[in-house]
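**Student:** Sharing target-v8.tsv here; it has TSV, C-alpha atoms.
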chain	number	residue	atom	x	y	z
T	1	MET	CA	-16.99	9.17	-7.81
T	2	THR	CA	-16.86	8.81	-11.56
T	3	LYS	CA	-19.45	7.06	-13.72
T	4	TYR	CA	-16.63	4.78	-14.90
T	5	LEU	CA	-16.21	3.40	-11.38
T	6	LEU	CA	-19.95	2.84	-11.03
T	7	LYS	CA	-19.79	0.29	-13.86
T	8	LEU	CA	-17.15	-1.73	-12.00
T	9	LEU	CA	-18.67	-1.83	-8.52
T	10	VAL	CA	-20.29	-4.93	-7.02
T	11	ASP	CA	-21.29	-6.07	-3.56
T	12	PRO	CA	-17.99	-7.04	-1.83
T	13	VAL	CA	-19.59	-10.02	-0.08
T	14	THR	CA	-21.93	-11.51	-2.71
T	15	LYS	CA	-20.42	-9.99	-5.91
T	16	GLU	CA	-23.96	-8.98	-6.94
T	17	LYS	CA	-24.60	-5.98	-9.15
T	18	LEU	CA	-25.29	-2.69	-7.40
T	19	LYS	CA	-27.99	-0.19	-8.27
T	20	LEU	CA	-27.47	3.52	-7.64
T	21	VAL	CA	-30.38	5.32	-5.93
T	22	ASN	CA	-30.86	8.76	-4.32
T	23	GLU	CA	-27.95	9.99	-6.39
T	24	ARG	CA	-26.66	13.53	-6.49
T	25	PHE	CA	-24.03	14.91	-8.84
T	26	ASP	CA	-21.41	17.63	-8.54
T	27	ASN	CA	-20.86	20.36	-11.11
T	28	LEU	CA	-18.48	18.11	-13.06
T	29	GLY	CA	-21.04	15.33	-13.42
T	30	ASN	CA	-19.45	13.00	-10.89
T	31	ILE	CA	-21.55	11.23	-8.22
T	32	SER	CA	-21.25	13.12	-4.94
T	33	SER	CA	-23.74	11.13	-2.84
T	34	GLY	CA	-26.30	8.35	-3.01
T	35	ASP	CA	-26.75	4.71	-2.08
T	36	LEU	CA	-25.62	1.52	-3.76
T	37	ILE	CA	-28.20	-1.27	-3.35
T	38	SER	CA	-27.52	-4.94	-4.03
T	39	GLU	CA	-30.11	-7.36	-5.43
T	40	THR	CA	-30.55	-8.81	-1.93
T	41	GLY	CA	-31.15	-5.39	-0.39
T	42	LEU	CA	-27.74	-4.65	1.13
T	43	SER	CA	-27.00	-0.93	1.03
T	44	TYR	CA	-23.72	0.98	0.83
T	45	PRO	CA	-23.60	4.79	0.97
T	46	ILE	CA	-21.66	7.21	-1.19
T	47	ILE	CA	-20.42	10.03	1.04
T	48	ASN	CA	-18.39	12.97	-0.29
T	49	GLY	CA	-17.99	11.16	-3.59
T	50	ILE	CA	-16.53	8.02	-1.99
T	51	PRO	CA	-18.41	4.70	-1.93
T	52	ARG	CA	-18.19	3.16	1.54
T	53	PHE	CA	-18.20	-0.61	1.94
T	54	ALA	CA	-18.17	-3.31	4.60
T	55	GLY	CA	-16.30	-2.42	7.77
T	56	TYR	CA	-15.85	1.32	7.30
T	57	LYS	CA	-17.97	2.18	10.36
T	58	THR	CA	-16.28	-0.22	12.78
T	59	LEU	CA	-12.56	0.06	12.19
T	60	ASP	CA	-10.37	-2.39	14.08
T	61	LYS	CA	-7.16	-1.50	15.90
T	62	SER	CA	-5.00	-2.25	12.87
T	63	VAL	CA	-6.95	0.06	10.55
T	64	GLU	CA	-7.09	2.87	13.10
T	65	SER	CA	-3.32	2.56	13.54
T	66	PHE	CA	-2.69	3.13	9.83
T	67	GLY	CA	-5.13	6.02	9.77
T	68	GLU	CA	-3.22	7.56	12.66
T	69	GLN	CA	0.12	6.87	10.96
T	70	TRP	CA	-0.54	8.27	7.51
T	71	ASN	CA	-2.53	11.26	8.71
T	72	ARG	CA	0.59	12.20	10.64
T	73	PHE	CA	3.33	10.93	8.31
T	74	ASN	CA	2.65	11.93	4.74
T	75	PHE	CA	4.69	10.23	2.03
T	76	ASP	CA	5.18	13.39	-0.03
T	77	LYS	CA	8.94	13.69	0.62
T	78	PHE	CA	9.73	10.25	-0.75
T	79	LYS	CA	9.03	10.40	-4.47
T	80	ALA	CA	12.70	9.64	-5.19
T	81	HIS	CA	12.42	6.52	-3.03
T	82	TRP	CA	9.22	5.51	-4.83
T	83	LEU	CA	10.78	5.89	-8.27
T	84	SER	CA	14.03	4.18	-7.33
T	85	HIS	CA	12.58	1.31	-5.29
T	86	THR	CA	8.95	0.67	-6.18
T	87	ILE	CA	8.86	1.60	-9.86
T	88	ASN	CA	12.35	0.88	-11.20
T	89	ASN	CA	12.72	-2.35	-9.23
T	90	SER	CA	9.22	-3.59	-10.09
T	91	PHE	CA	8.79	-2.64	-13.75
T	92	ASP	CA	11.23	-3.37	-16.57
T	93	ASN	CA	10.65	-0.02	-18.27
T	94	GLY	CA	10.01	2.11	-15.18
T	95	LEU	CA	7.31	4.73	-15.56
T	96	LYS	CA	6.72	3.78	-19.20
T	97	ASP	CA	4.94	0.64	-17.95
T	98	ILE	CA	2.58	2.86	-15.92
T	99	GLN	CA	1.60	5.27	-18.67
T	100	GLY	CA	-1.83	4.71	-20.19
T	101	GLN	CA	-2.71	1.97	-17.68
T	102	ILE	CA	-5.82	1.56	-15.53
T	103	ILE	CA	-4.41	0.96	-12.04
T	104	VAL	CA	-5.96	-0.16	-8.78
T	105	ASP	CA	-3.83	1.11	-5.88
T	106	ALA	CA	-4.74	-1.41	-3.15
T	107	GLY	CA	-4.08	0.06	0.29
T	108	GLY	CA	-3.29	3.58	-0.91
T	109	GLY	CA	-2.77	5.06	2.57
T	110	ALA	CA	-1.93	8.75	2.31
T	111	GLY	CA	-2.64	8.69	-1.42
T	112	MET	CA	0.77	9.81	-2.63
T	113	GLN	CA	1.36	6.70	-4.72
T	114	SER	CA	-1.99	7.27	-6.47
T	115	TYR	CA	-1.02	10.90	-7.00
T	116	TRP	CA	2.35	10.00	-8.53
T	117	LEU	CA	0.76	7.32	-10.73
T	118	LEU	CA	-1.64	9.91	-12.15
T	119	GLU	CA	1.15	12.46	-12.47
T	120	SER	CA	3.18	9.85	-14.39
T	121	GLY	CA	0.46	9.29	-16.99
T	122	ALA	CA	-1.78	6.51	-15.68
T	123	LYS	CA	-5.07	6.40	-17.59
T	124	HIS	CA	-7.23	5.97	-14.47
T	125	VAL	CA	-6.37	5.21	-10.83
T	126	ILE	CA	-8.70	3.61	-8.31
T	127	MET	CA	-7.39	3.86	-4.76
T	128	MET	CA	-8.74	1.46	-2.13
T	129	ASP	CA	-8.22	1.99	1.59
T	130	LEU	CA	-10.30	1.24	4.68
T	131	SER	CA	-8.86	3.86	7.05
T	132	ASN	CA	-10.04	7.43	7.62
T	133	THR	CA	-7.15	8.75	5.52
T	134	VAL	CA	-9.63	8.89	2.62
T	135	ASP	CA	-11.31	11.85	4.32
T	136	ASN	CA	-8.18	13.44	5.74
T	137	ILE	CA	-4.65	13.31	4.32
T	138	VAL	CA	-5.72	11.97	0.90
T	139	LYS	CA	-8.18	14.83	0.56
T	140	ASP	CA	-5.41	17.29	1.48
T	141	ASN	CA	-2.93	15.76	-0.99
T	142	PHE	CA	-5.42	16.01	-3.86
T	143	PHE	CA	-6.82	19.42	-2.91
T	144	GLY	CA	-7.26	21.58	-5.99
T	145	LYS	CA	-6.04	18.92	-8.44
T	146	ASN	CA	-9.47	17.98	-9.89
T	147	TYR	CA	-8.32	14.74	-11.50
T	148	GLN	CA	-11.25	13.34	-13.47
T	149	ASN	CA	-9.54	9.95	-13.80
T	150	PHE	CA	-9.23	9.22	-10.07
T	151	ASP	CA	-11.56	7.36	-7.72
T	152	ILE	CA	-11.41	6.38	-4.05
T	153	ILE	CA	-13.15	3.38	-2.52
T	154	GLN	CA	-13.30	2.95	1.24
T	155	CYS	CA	-13.18	-0.80	1.68
T	156	SER	CA	-11.13	-3.70	2.95
T	157	ILE	CA	-8.70	-4.80	0.24
T	158	ASP	CA	-9.31	-8.47	1.05
T	159	MET	CA	-12.95	-7.92	-0.01
T	160	PRO	CA	-12.65	-5.51	-2.95
T	161	PRO	CA	-16.07	-4.37	-4.32
T	162	ILE	CA	-14.96	-4.61	-7.96
T	163	LYS	CA	-16.13	-7.04	-10.65
T	164	SER	CA	-13.97	-10.08	-11.29
T	165	ASN	CA	-11.78	-9.92	-14.43
T	166	SER	CA	-12.66	-6.24	-14.96
T	167	ILE	CA	-9.36	-4.38	-14.53
T	168	GLU	CA	-7.60	-4.19	-17.88
T	169	GLY	CA	-4.33	-2.90	-16.55
T	170	ILE	CA	-2.61	-3.32	-13.19
T	171	VAL	CA	-3.76	-4.15	-9.67
T	172	MET	CA	-0.91	-2.92	-7.47
T	173	CYS	CA	-0.40	-3.73	-3.78
T	174	HIS	CA	2.95	-2.42	-2.52
T	175	ASN	CA	4.02	-2.91	1.12
T	176	VAL	CA	0.42	-3.48	2.23
T	177	ILE	CA	-0.68	-7.09	1.82
T	178	GLN	CA	1.22	-8.23	4.94
T	179	HIS	CA	-0.93	-5.91	7.04
T	180	THR	CA	-4.16	-7.75	6.19
T	181	PRO	CA	-5.48	-10.68	8.28
T	182	CYS	CA	-4.48	-13.30	5.66
T	183	ILE	CA	-1.94	-12.74	2.87
T	184	GLU	CA	-3.24	-15.66	0.82
T	185	LYS	CA	-6.87	-14.53	0.96
T	186	THR	CA	-6.02	-10.95	0.03
T	187	ALA	CA	-3.73	-11.99	-2.83
T	188	LYS	CA	-6.43	-14.23	-4.29
T	189	ALA	CA	-9.08	-11.50	-3.98
T	190	LEU	CA	-6.88	-8.91	-5.72
T	191	PHE	CA	-5.68	-11.28	-8.46
T	192	ASP	CA	-9.32	-12.08	-9.18
T	193	LEU	CA	-9.89	-8.44	-10.25
T	194	VAL	CA	-7.50	-8.40	-13.20
T	195	SER	CA	-8.70	-9.33	-16.67
T	196	PRO	CA	-6.91	-11.93	-18.83
T	197	SER	CA	-3.45	-10.68	-19.90
T	198	SER	CA	-3.50	-7.99	-17.18
T	199	LYS	CA	-1.22	-7.96	-14.12
T	200	PHE	CA	-1.29	-8.25	-10.36
T	201	VAL	CA	1.82	-6.54	-8.95
T	202	PHE	CA	2.62	-7.07	-5.25
T	203	ASN	CA	5.29	-7.70	-2.66
T	204	VAL	CA	5.39	-9.12	0.87
T	205	TYR	CA	7.62	-8.40	3.86
T	206	ARG	CA	10.17	-11.21	3.70
T	207	GLU	CA	11.21	-13.42	6.59
T	208	ASN	CA	14.84	-14.46	6.69
T	209	ASN	CA	16.07	-15.73	10.02
T	210	ASP	CA	18.51	-18.33	8.74
T	211	GLY	CA	21.70	-18.56	10.77
T	212	VAL	CA	22.39	-17.84	14.43
T	213	LEU	CA	22.86	-14.07	14.13
T	214	ARG	CA	19.68	-13.60	12.09
T	215	LYS	CA	17.70	-15.75	14.55
T	216	VAL	CA	18.92	-13.64	17.47
T	217	ARG	CA	18.16	-10.38	15.66
T	218	TRP	CA	14.73	-11.61	14.56
T	219	SER	CA	13.85	-12.75	18.08
T	220	PHE	CA	14.89	-9.35	19.46
T	221	TYR	CA	12.83	-7.55	16.80
T	222	LEU	CA	9.68	-9.56	17.65
T	223	ARG	CA	10.06	-8.79	21.36
T	224	LEU	CA	10.70	-5.10	20.75
T	225	ARG	CA	7.69	-4.87	18.42
T	226	SER	CA	5.51	-6.64	20.98
T	227	PHE	CA	6.55	-4.02	23.55
T	228	LEU	CA	6.37	-0.87	21.40
T	229	SER	CA	3.12	-1.74	19.65
T	230	GLN	CA	1.36	-1.75	23.02
T	231	ARG	CA	2.63	1.68	24.00
T	232	SER	CA	0.82	4.97	23.37
T	233	MET	CA	1.12	6.91	20.11
T	234	LYS	CA	3.11	9.61	21.92
T	235	PHE	CA	5.57	7.03	23.26
T	236	ARG	CA	6.13	5.55	19.80
T	237	LEU	CA	6.57	9.02	18.29
T	238	VAL	CA	9.21	9.91	20.89
T	239	TYR	CA	10.98	6.60	20.31
T	240	SER	CA	10.95	7.02	16.51
T	241	ASN	CA	12.25	10.59	16.68
T	242	LEU	CA	14.99	9.53	19.09
T	243	MET	CA	16.07	6.82	16.65
T	244	GLY	CA	16.05	9.46	13.89
T	245	ILE	CA	18.54	11.53	15.88
T	246	LEU	CA	20.72	8.59	16.95
T	247	TRP	CA	21.05	7.42	13.35
T	248	PHE	CA	23.52	10.26	12.78
T	249	VAL	CA	25.76	9.25	15.70
T	250	PRO	CA	28.85	7.51	14.24
T	251	ILE	CA	28.94	3.73	14.83
T	252	LEU	CA	25.93	3.84	17.20
T	253	GLY	CA	23.52	4.60	14.35
T	254	LYS	CA	24.79	1.63	12.35
T	255	LEU	CA	24.56	-0.67	15.38
T	256	LEU	CA	20.96	0.40	16.05
T	257	LYS	CA	20.13	-0.33	12.41
T	258	ILE	CA	21.77	-3.77	12.51
T	259	SER	CA	19.89	-4.61	15.71
T	260	MET	CA	16.63	-3.37	14.09
T	261	MET	CA	16.01	-0.89	16.88
T	262	LEU	CA	15.70	1.62	14.05
T	263	ILE	CA	14.48	0.97	10.52
T	264	LYS	CA	15.89	3.27	7.88
T	265	GLY	CA	15.43	1.92	4.37
T	266	LYS	CA	17.83	2.81	1.58
T	267	SER	CA	17.96	6.45	0.51
T	268	PRO	CA	18.60	7.07	-3.19
T	269	GLN	CA	21.19	9.73	-3.93
T	270	ASP	CA	19.96	13.12	-5.10
T	271	LYS	CA	22.84	15.09	-6.59
T	272	ASN	CA	20.90	18.35	-6.48
T	273	GLU	CA	20.03	18.38	-2.78
T	274	THR	CA	22.07	20.21	-0.14
T	275	ILE	CA	23.62	18.48	2.86
T	276	LYS	CA	20.86	19.95	5.05
T	277	GLN	CA	18.15	18.61	2.72
T	278	ARG	CA	19.69	15.15	2.73
T	279	VAL	CA	19.97	15.11	6.53
T	280	ILE	CA	16.31	16.09	6.86
T	281	ARG	CA	15.26	13.45	4.33
T	282	GLU	CA	17.27	10.70	6.07
T	283	PHE	CA	15.85	11.75	9.45
T	284	CYS	CA	12.31	11.61	8.07
T	285	SER	CA	13.05	8.22	6.52
T	286	VAL	CA	14.20	6.75	9.84
T	287	VAL	CA	11.31	8.21	11.81
T	288	THR	CA	8.66	7.14	9.30
T	289	ASN	CA	9.99	3.62	8.77
T	290	THR	CA	10.64	2.98	12.46
T	291	TYR	CA	7.17	4.16	13.39
T	292	ASP	CA	5.72	1.98	10.63
T	293	TRP	CA	7.52	-1.21	11.70
T	294	TYR	CA	6.68	-0.72	15.37
T	295	GLY	CA	3.16	0.69	15.00
T	296	SER	CA	0.16	-0.61	16.92
T	297	HIS	CA	-1.43	-2.30	13.87
T	298	SER	CA	-2.48	-5.87	14.55
T	299	TYR	CA	-1.09	-7.54	11.45
T	300	GLN	CA	2.51	-7.48	10.26
T	301	HIS	CA	3.12	-10.82	8.61
T	302	HIS	CA	6.41	-11.89	7.08
T	303	MET	CA	6.65	-14.65	4.51
T	304	ARG	CA	9.54	-16.94	3.68
T	305	ASP	CA	10.52	-17.17	0.01
T	306	ASN	CA	9.42	-20.80	-0.38
T	307	ASP	CA	5.96	-19.99	1.00
T	308	LEU	CA	5.67	-17.01	-1.34
T	309	GLU	CA	6.61	-19.23	-4.28
T	310	LYS	CA	3.83	-21.64	-3.32
T	311	LEU	CA	1.39	-18.72	-3.20
T	312	MET	CA	2.36	-17.30	-6.58
T	313	PHE	CA	2.12	-20.71	-8.29
T	314	LYS	CA	-1.26	-21.24	-6.67
T	315	LEU	CA	-2.40	-17.95	-8.23
T	316	GLN	CA	-0.74	-18.64	-11.58
T	317	PRO	CA	0.57	-22.17	-12.31
T	318	ASP	CA	2.15	-21.02	-15.59
T	319	GLU	CA	5.68	-19.93	-14.63
T	320	ASN	CA	6.02	-17.99	-17.89
T	321	LYS	CA	3.33	-15.61	-16.63
T	322	ILE	CA	5.21	-14.75	-13.43
T	323	GLU	CA	7.58	-11.85	-14.07
T	324	ASN	CA	10.40	-10.20	-12.13
T	325	LYS	CA	11.19	-13.42	-10.20
T	326	ASP	CA	14.95	-13.15	-10.55
T	327	LYS	CA	15.07	-9.59	-9.33
T	328	TYR	CA	12.57	-10.18	-6.53
T	329	PHE	CA	14.31	-13.21	-5.07
T	330	SER	CA	17.84	-11.95	-5.63
T	331	ARG	CA	19.76	-11.64	-2.36
T	332	LYS	CA	22.99	-10.05	-3.58
T	333	PRO	CA	22.15	-7.27	-3.90
T	334	VAL	CA	18.70	-7.12	-2.36
T	335	TYR	CA	16.45	-5.03	-4.57
T	336	ASN	CA	14.51	-2.79	-2.21
T	337	GLY	CA	10.83	-2.38	-3.03
T	338	SER	CA	10.76	-4.88	-5.89
T	339	SER	CA	7.46	-6.59	-6.68
T	340	LEU	CA	6.35	-9.72	-8.46
T	341	ARG	CA	4.24	-9.29	-11.57
T	342	ILE	CA	1.70	-12.06	-12.15
T	343	ILE	CA	-0.13	-12.09	-15.47
T	344	LYS	CA	-3.58	-13.66	-15.62
How does the structure come out when it is put into structure tokens?

**Tutor:**
Amino acid sequence: MTKYLLKLLVDPVTKEKLKLVNERFDNLGNISSGDLISETGLSYPIINGIPRFAGYKTLDKSVESFGEQWNRFNFDKFKAHWLSHTINNSFDNGLKDIQGQIIVDAGGGAGMQSYWLLESGAKHVIMMDLSNTVDNIVKDNFFGKNYQNFDIIQCSIDMPPIKSNSIEGIVMCHNVIQHTPCIEKTAKALFDLVSPSSKFVFNVYRENNDGVLRKVRWSFYLRLRSFLSQRSMKFRLVYSNLMGILWFVPILGKLLKISMMLIKGKSPQDKNETIKQRVIREFCSVVTNTYDWYGSHSYQHHMRDNDLEKLMFKLQPDENKIENKDKYFSRKPVYNGSSLRIIK
């Protein structure tokens, strides 16, 4: 944990200042262990250089599910997807809008997004996640990198332990906010972190069940998710791998995708990859996305566009400070991975 992060941390419940005691430092001068004490006596430990906040000891089913998922499915094979979908569809100037920015990666999961943000020239990245990935796959992904501008916080992203109005850069929450108990509460808590003129960048799984065919498909999806999410991890893994194989069966694969029995996501073209490499990447994409959509996590909210518009205007009433609206709400074509940018 860097000394820079220490200046930003507050009690996630009371927003009181925290005092560092019993501190120990590593050979680079970063804080490796200690305790963070609030003015009212609440205590939060720093373990292996990571400050641990409310809820990290008693993880609910949803958090354990994501820990299980990302410790098994790393995101390292999908940088092309990330660039094509998340970055280019969310930022007007692509990676140039990332360079030199302080970024909070809310719900960082396996840590690959944080890694790519740093690799792309971010000034400092703070990853927040509540699951045990912070001690497992994230540690593996950053092994030997020794970034001195990277911090991890183990916390719930709907109660971030960071000072209000303190992030002069970007608070980014991509494909995560719908997995928290309340989208509105989490969005408000994350928007509160950014300083005036800085940005909150986020997206939400969208609900669109207009029309008879969409209603039927949506109803089937909800029933299938209800069934699969209650099955064992092994069962869901077998199901996801089977869908990965069936995707390549002519006609059948397309029908399974239309019915939402498998979730694929769009695969950007890579002119330099071989046919074998592309097949492997598409297989991994189907397996990962299907397992994600039908995982055992408790929360998987979807929000209709009109409800999302109400939320964004509640956060920021000035429409001129809400960016990327046209691209985000465009239906033809649908821009995969696009995010709204709300300026404080």

**Student:** Could you check how far atom CA of T:Ile343 sits from atom CA of T:Val176, in Å to one decimal?

**Tutor:** 19.7 Å

**Student:** At a cut-off of 10 Å, using all atoms listed in the file, what residues contact stretch 232-249 of chain T? Leave out same-chain residues fewer than 5 positions from it and give the result as a PyMOL selection string.

**Tutor:** chain T and resi 65+68-69+254-257+261-264+279-280+282-292+294-296

**Student:** Take atom CA of T:Thr14 and atom CA of T:Ile162 and report the distance between them in Å, one decimal.

**Tutor:**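 Separation of atom CA of T:Thr14 and atom CA of T:Ile162: 11.1 Å.
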
**Student:** Atom CA of T:Gln101 and atom CA of T:Asn175 are how many Å apart?

**Tutor:**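 For atom CA of T:Gln101 relative to atom CA of T:Asn175, the distance reads 20.6 Å.
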
**Student:** Kindly indicate which residue among T:His297, T:Arg341, T:Leu95, T:Asp135 lies nearest to T:Trp82, using all atoms listed in the file for the distances.

**Tutor:**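 The shortest atom-to-atom distance to T:Trp82 comes from T:Leu95.
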
**Student:** Could you tell me, as a PyMOL selection string, which residues have any atom at most 12 Å from (-6.0, 2.0, -13.6), counting only C-alpha atoms?

**Tutor:** chain T and resi 4-5+8+97-106+114+117-118+121-128+149-152+166-172+193-194+198-200

**Student:** As a list of chain:residue names, please: the residues near T:Arg72 (cut-off 10 Å, all atoms listed in the file, same-chain neighbours under 6 positions excluded).

**Tutor:**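 What passes the distance filter is T:Phe66, T:Ala110, T:Thr133, T:Ile137, T:Thr288.
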